[in-house]
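**Q** This is the content of target.csv (CSV, C-alpha atoms):
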```csv
chain,number,residue,atom,x,y,z
A,1,MET,CA,55.1,76.5,71.7
A,2,PRO,CA,56.6,78.8,69.0
A,3,ARG,CA,59.7,77.5,67.3
A,4,GLY,CA,61.9,80.2,68.7
A,5,GLY,CA,60.8,79.3,72.2
A,6,ARG,CA,61.5,75.6,71.6
A,7,GLN,CA,65.0,76.3,70.4
A,8,ALA,CA,65.7,78.6,73.4
A,9,GLY,CA,64.5,75.9,75.7
A,10,LYS,CA,66.6,73.3,73.9
A,11,ARG,CA,69.7,75.5,74.2
A,12,ALA,CA,69.1,76.0,77.9
A,13,SER,CA,68.6,72.3,78.4
A,14,GLU,CA,71.9,71.6,76.5
A,15,ARG,CA,73.7,74.1,78.7
A,16,ARG,CA,72.4,72.3,81.8
A,17,ARG,CA,73.5,68.9,80.5
A,18,ARG,CA,76.9,70.2,79.8
A,19,ALA,CA,77.1,71.8,83.2
A,20,SER,CA,76.2,68.5,84.9
A,21,ARG,CA,79.3,66.9,83.5
A,22,LEU,CA,81.7,68.7,85.8
A,23,ALA,CA,83.1,66.8,88.7
A,24,PRO,CA,82.0,68.2,92.1
A,25,GLU,CA,85.3,69.9,92.9
A,26,ARG,CA,85.4,71.6,89.5
A,27,ARG,CA,81.8,72.6,89.8
A,28,ARG,CA,82.4,74.2,93.2
A,29,ALA,CA,85.5,76.0,91.8
A,30,GLN,CA,83.4,77.3,88.8
A,31,LEU,CA,80.6,78.6,91.1
A,32,LEU,CA,83.2,80.2,93.4
A,33,GLU,CA,84.7,82.0,90.5
A,34,CYS,CA,81.3,83.2,89.4
A,35,ALA,CA,80.5,84.3,93.0
A,36,LEU,CA,83.7,86.4,93.1
A,37,GLU,CA,82.6,88.2,89.9
A,38,VAL,CA,79.1,88.8,91.3
A,39,PHE,CA,80.4,90.0,94.7
A,40,ALA,CA,82.9,92.3,92.9
A,41,GLN,CA,80.1,93.8,90.9
A,42,ARG,CA,77.3,93.9,93.5
A,43,GLY,CA,79.2,94.1,96.8
A,44,ILE,CA,79.1,91.7,99.7
A,45,GLY,CA,75.7,92.8,100.9
A,46,GLU,CA,73.9,92.5,97.5
A,47,ALA,CA,75.3,89.3,95.8
A,48,ARG,CA,72.8,86.5,95.6
A,49,HIS,CA,72.7,82.8,94.7
A,50,ALA,CA,70.4,83.5,91.7
A,51,GLU,CA,72.8,85.7,89.9
A,52,ILE,CA,75.6,83.3,90.5
A,53,ALA,CA,73.5,80.5,89.0
A,54,ARG,CA,72.7,82.6,85.9
A,55,ARG,CA,76.4,83.5,85.4
A,56,ALA,CA,77.5,79.8,85.8
A,57,GLY,CA,74.6,78.5,83.6
A,58,VAL,CA,73.3,76.2,86.2
A,59,SER,CA,70.1,75.9,88.1
A,60,LEU,CA,69.5,77.8,91.3
A,61,ALA,CA,69.2,74.5,93.2
A,62,THR,CA,72.8,73.6,92.1
A,63,THR,CA,74.3,76.7,93.8
A,64,PHE,CA,72.5,75.8,97.0
A,65,VAL,CA,74.0,72.3,96.9
A,66,TYR,CA,77.5,73.8,97.2
A,67,PHE,CA,76.6,76.9,99.2
A,68,PRO,CA,73.5,75.9,101.3
A,69,SER,CA,73.0,79.4,102.8
A,70,ARG,CA,73.9,83.0,102.1
A,71,ARG,CA,76.3,82.9,105.1
A,72,SER,CA,78.2,79.9,103.6
A,73,LEU,CA,78.4,81.7,100.3
A,74,VAL,CA,79.8,84.9,101.8
A,75,GLU,CA,82.3,83.0,103.9
A,76,ALA,CA,83.5,80.9,101.0
A,77,VAL,CA,84.1,84.0,98.9
A,78,LEU,CA,85.9,85.8,101.7
A,79,ARG,CA,88.0,82.7,102.5
A,80,GLU,CA,89.1,82.6,98.9
A,81,VAL,CA,90.1,86.3,98.8
A,82,SER,CA,91.9,85.8,102.1
A,83,ARG,CA,93.8,82.7,100.7
A,84,PHE,CA,94.7,84.5,97.5
A,85,TYR,CA,96.4,87.5,99.3
A,86,ARG,CA,97.9,85.4,102.1
A,87,ASP,CA,99.5,83.1,99.5
A,88,GLN,CA,100.8,86.0,97.5
A,89,ALA,CA,102.4,87.5,100.6
A,90,ALA,CA,103.9,84.3,101.8
A,91,GLN,CA,105.4,83.4,98.4
A,92,VAL,CA,107.2,86.8,98.2
A,93,HIS,CA,108.3,87.0,101.8
A,94,GLU,CA,109.8,83.5,101.8
A,95,ARG,CA,112.6,84.9,99.7
A,96,VAL,CA,114.8,85.3,102.8
A,97,GLN,CA,118.0,85.3,100.8
A,98,GLU,CA,117.0,88.7,99.4
A,99,PRO,CA,117.4,92.0,101.3
A,100,ALA,CA,114.3,92.9,103.4
A,101,ASP,CA,113.7,96.2,101.5
A,102,ALA,CA,113.8,94.4,98.2
A,103,VAL,CA,111.2,91.9,99.4
A,104,LEU,CA,108.9,94.7,100.6
A,105,LEU,CA,109.1,96.3,97.2
A,106,ALA,CA,108.5,93.0,95.4
A,107,HIS,CA,105.4,92.4,97.5
A,108,ALA,CA,104.1,95.9,96.8
A,109,ARG,CA,104.6,95.4,93.1
A,110,ALA,CA,103.1,91.9,93.1
A,111,PHE,CA,100.0,93.3,94.7
A,112,ALA,CA,99.7,96.1,92.2
A,113,ASP,CA,100.1,93.7,89.3
A,114,SER,CA,97.4,91.4,90.8
A,115,VAL,CA,94.9,94.1,90.9
A,116,ARG,CA,95.2,94.3,87.1
A,117,THR,CA,95.2,90.5,86.5
A,118,HIS,CA,92.6,89.6,89.2
A,119,PRO,CA,90.4,92.6,89.6
A,120,ALA,CA,87.5,90.7,91.1
A,121,TYR,CA,89.7,89.8,94.1
A,122,ALA,CA,90.8,93.4,94.5
A,123,ARG,CA,87.2,94.7,94.4
A,124,VAL,CA,86.0,92.2,96.9
A,125,TRP,CA,88.9,92.9,99.2
A,126,LEU,CA,88.2,96.7,99.0
A,127,HIS,CA,84.5,96.0,99.8
A,128,TRP,CA,85.5,93.7,102.6
A,129,SER,CA,88.0,96.1,104.2
A,130,THR,CA,85.2,98.7,104.6
A,131,SER,CA,82.4,96.4,105.5
A,132,ILE,CA,82.0,96.9,109.2
A,133,ARG,CA,79.4,94.2,109.8
A,134,ASP,CA,79.0,92.0,112.8
A,135,ARG,CA,80.3,88.9,110.9
A,136,GLU,CA,82.4,90.1,108.0
A,137,TRP,CA,84.5,92.6,110.1
A,138,PRO,CA,86.1,90.1,112.5
A,139,LEU,CA,86.9,87.9,109.6
A,140,TYR,CA,88.6,90.8,107.9
A,141,LEU,CA,90.6,91.7,111.0
A,142,ALA,CA,91.8,88.1,111.4
A,143,PHE,CA,92.9,88.1,107.7
A,144,GLN,CA,94.6,91.4,108.0
A,145,ASP,CA,96.5,90.3,111.1
A,146,GLN,CA,97.9,87.3,109.2
A,147,VAL,CA,99.1,89.5,106.3
A,148,GLU,CA,100.5,92.1,108.8
A,149,ALA,CA,102.4,89.3,110.5
A,150,ILE,CA,104.1,88.2,107.3
A,151,ILE,CA,105.1,91.7,106.4
A,152,ALA,CA,106.2,92.5,109.9
A,153,GLY,CA,108.4,89.4,109.9
A,154,THR,CA,110.3,90.7,107.0
A,155,ILE,CA,110.7,94.1,108.6
A,156,ALA,CA,112.0,92.5,111.8
A,157,ARG,CA,114.5,90.5,109.7
A,158,GLY,CA,115.8,93.7,108.2
A,159,GLN,CA,116.1,95.1,111.6
A,160,ARG,CA,118.1,92.1,112.8
A,161,GLU,CA,120.3,92.4,109.7
A,162,GLY,CA,120.9,96.1,110.4
A,163,THR,CA,119.3,97.3,107.2
A,164,LEU,CA,116.1,98.7,108.8
A,165,ASN,CA,115.7,101.0,111.7
A,166,ARG,CA,115.2,99.0,114.9
A,167,GLY,CA,113.2,101.9,116.5
A,168,LEU,CA,110.1,101.3,114.3
A,169,ASP,CA,107.4,98.8,115.4
A,170,PRO,CA,107.3,96.2,112.6
A,171,VAL,CA,103.5,96.0,112.8
A,172,LEU,CA,103.2,99.7,112.2
A,173,GLY,CA,105.4,99.4,109.2
A,174,ALA,CA,103.2,96.6,107.9
A,175,ARG,CA,100.1,98.7,108.4
A,176,LEU,CA,101.7,101.5,106.4
A,177,MET,CA,102.1,99.2,103.5
A,178,ILE,CA,98.6,97.8,103.7
A,179,SER,CA,97.1,101.4,103.8
A,180,GLY,CA,99.0,102.1,100.6
A,181,ALA,CA,97.4,99.0,99.0
A,182,HIS,CA,94.0,100.7,99.3
A,183,MET,CA,95.2,103.6,97.1
A,184,VAL,CA,96.7,101.1,94.6
A,185,VAL,CA,93.3,99.4,94.1
A,186,GLN,CA,91.6,102.8,93.7
A,187,MET,CA,94.2,103.9,91.1
A,188,GLN,CA,93.9,100.7,89.1
A,189,LEU,CA,90.1,100.6,89.1
A,190,SER,CA,89.9,104.3,88.1
A,191,GLY,CA,92.1,103.6,85.0
A,192,ARG,CA,95.3,105.4,86.0
A,193,GLN,CA,98.4,104.6,83.9
A,194,GLU,CA,100.6,101.7,84.9
A,195,ALA,CA,103.6,104.0,85.1
A,196,GLU,CA,101.8,106.2,87.6
A,197,ILE,CA,100.7,103.2,89.7
A,198,ARG,CA,104.2,101.8,89.7
A,199,GLY,CA,105.6,105.2,90.7
A,200,PHE,CA,103.2,105.4,93.6
A,201,VAL,CA,104.1,101.9,94.8
A,202,ASP,CA,107.8,102.6,94.6
A,203,THR,CA,107.4,105.9,96.4
A,204,VAL,CA,105.4,104.2,99.3
A,205,VAL,CA,108.2,101.6,99.8
A,206,ARG,CA,110.9,104.2,99.5
A,207,ALA,CA,109.1,106.4,102.1
A,208,LEU,CA,108.8,103.4,104.3
A,209,GLY,CA,112.5,102.7,103.9
A,210,ALA,CA,113.3,106.3,104.8
A,211,VAL,CA,111.3,105.9,108.0
A,212,MET,CA,113.1,102.7,108.7
A,213,ALA,CA,116.6,103.8,107.6
A,214,PRO,CA,119.4,102.9,109.9
A,215,GLU,CA,120.3,105.6,112.4
```
The structure given in the file should be rewritten as structure tokens.
**A**
Amino acid sequence: MPRGGRQAGKRASERRRRASRLAPERRRAQLLECALEVFAQRGIGEARHAEIARRAGVSLATTFVYFPSRRSLVEAVLREVSRFYRDQAAQVHERVQEPADAVLLAHARAFADSVRTHPAYARVWLHWSTSIRDREWPLYLAFQDQVEAIIAGTIARGQREGTLNRGLDPVLGARLMISGAHMVVQMQLSGRQEAEIRGFVDTVVRALGAVMAPE
């Protein structure tokens, strides 16, 4: 074997040895992170174990140890995206000492910021929200229902407090916010200026507040 080939093989072997030192929970987290990046780039329907293995620097067999099938891989990625956005919503909306409209604005801004800091999550979410497949679509609807319920709870609180219009269905208000989130992702990924994105987010929430203003 030529010297260059031996050196390349040695480097690959060293990478595999280093990879094997990770504890199982850390290995799974690493593979899931790589899977998110691949899914964000390729889309839900095109991402495969082989590319995830290459990105992680492990053997293909290793990825199948943690994700034995394509179905288990897809579901793991979608569960992680679901967890990320549910946790984000829950953490903001638990601030019940703040006015409801301020919490809605904080959530919208937190989401916009997360598209910049965690673009892979945003890309997968956008793919997922338009992937009307037999298996992915029911999972998305269940996830969306959970986020809707969190937002709607804050809207209902504002209605009880008398700061938001009691005539609006809280779930419809929540859906208005979620529909605006799609445009936020598009604006971030197309390179719009942060000031423009923040202006859009603030306008959406102000418009929602106008719809829900006390009579």
**Q** Figure out the distance between atom CA of Leu78 of chain A and atom CA of Trp125 of chain A, please, to one decimal in Å.
**A**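 Between these atoms lies a distance of 8.1 Å.
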**Q** Against segment 128-140 of chain A, which residues of segment 17-93 of chain A fall within 9 Å? For each one I want the closest pair of atoms and the distance in Å (one decimal), counting all atoms listed in the file, rows by chain and increasing residue number, as CSV.
**A**
```
residue,atom,partner,partner_atom,distance
A:Gly43,CA,A:Trp128,CA,8.6
A:Ile44,CA,A:Trp128,CA,7.3
A:Gly45,CA,A:Ser131,CA,8.9
A:Val74,CA,A:Glu136,CA,8.5
A:Glu75,CA,A:Glu136,CA,8.2
A:Leu78,CA,A:Trp128,CA,8.0
A:Arg79,CA,A:Leu139,CA,8.9
A:Ser82,CA,A:Tyr140,CA,8.3
```
**Q** The residues within 9 Å of (74.9, 87.2, 98.8), using only C-alpha atoms and the coordinates of the file, should be reported as a PyMOL selection string; which are they?
**A** chain A and resi 35+38-39+42-49+69-71+73-74
**Q** Could you work out how far atom CA of Arg83 of chain A lies from atom CA of Leu141 of chain A, giving the answer in Å with one decimal?
**A** 14.0 Å
**Q** Tell me, as a PyMOL selection string, which residues lie within 12 Å of Glu94 of chain A, counting all atoms listed in the file; anything in the same chain fewer than 2 positions away does not count.
**A** chain A and resi 87-92+96-100+103-104+106-107+150-151+153-154+157
**Q** Could you give me, as JSON lines, every segment 137-176 of chain A residue with an atom at most 8 Å from segment 197-211 of chain A, plus its closest atom pair and distance in Å to one decimal, counting all atoms listed in the file, rows ordered by chain then number?
**A**
```
{"residue": "A:Leu164", "atom": "CA", "partner": "A:Gly209", "partner_atom": "CA", "distance": 7.3}
{"residue": "A:Asn165", "atom": "CA", "partner": "A:Val211", "partner_atom": "CA", "distance": 7.6}
{"residue": "A:Leu168", "atom": "CA", "partner": "A:Val211", "partner_atom": "CA", "distance": 7.9}
{"residue": "A:Gly173", "atom": "CA", "partner": "A:Leu208", "partner_atom": "CA", "distance": 7.2}
{"residue": "A:Leu176", "atom": "CA", "partner": "A:Leu208", "partner_atom": "CA", "distance": 7.6}
```
**Q** Distance atom CA of Ala112 of chain A-atom CA of Ala181 of chain A, one decimal place?
**A**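 Interatomic distance, atom CA of Ala112 of chain A to atom CA of Ala181 of chain A: 7.7 Å.
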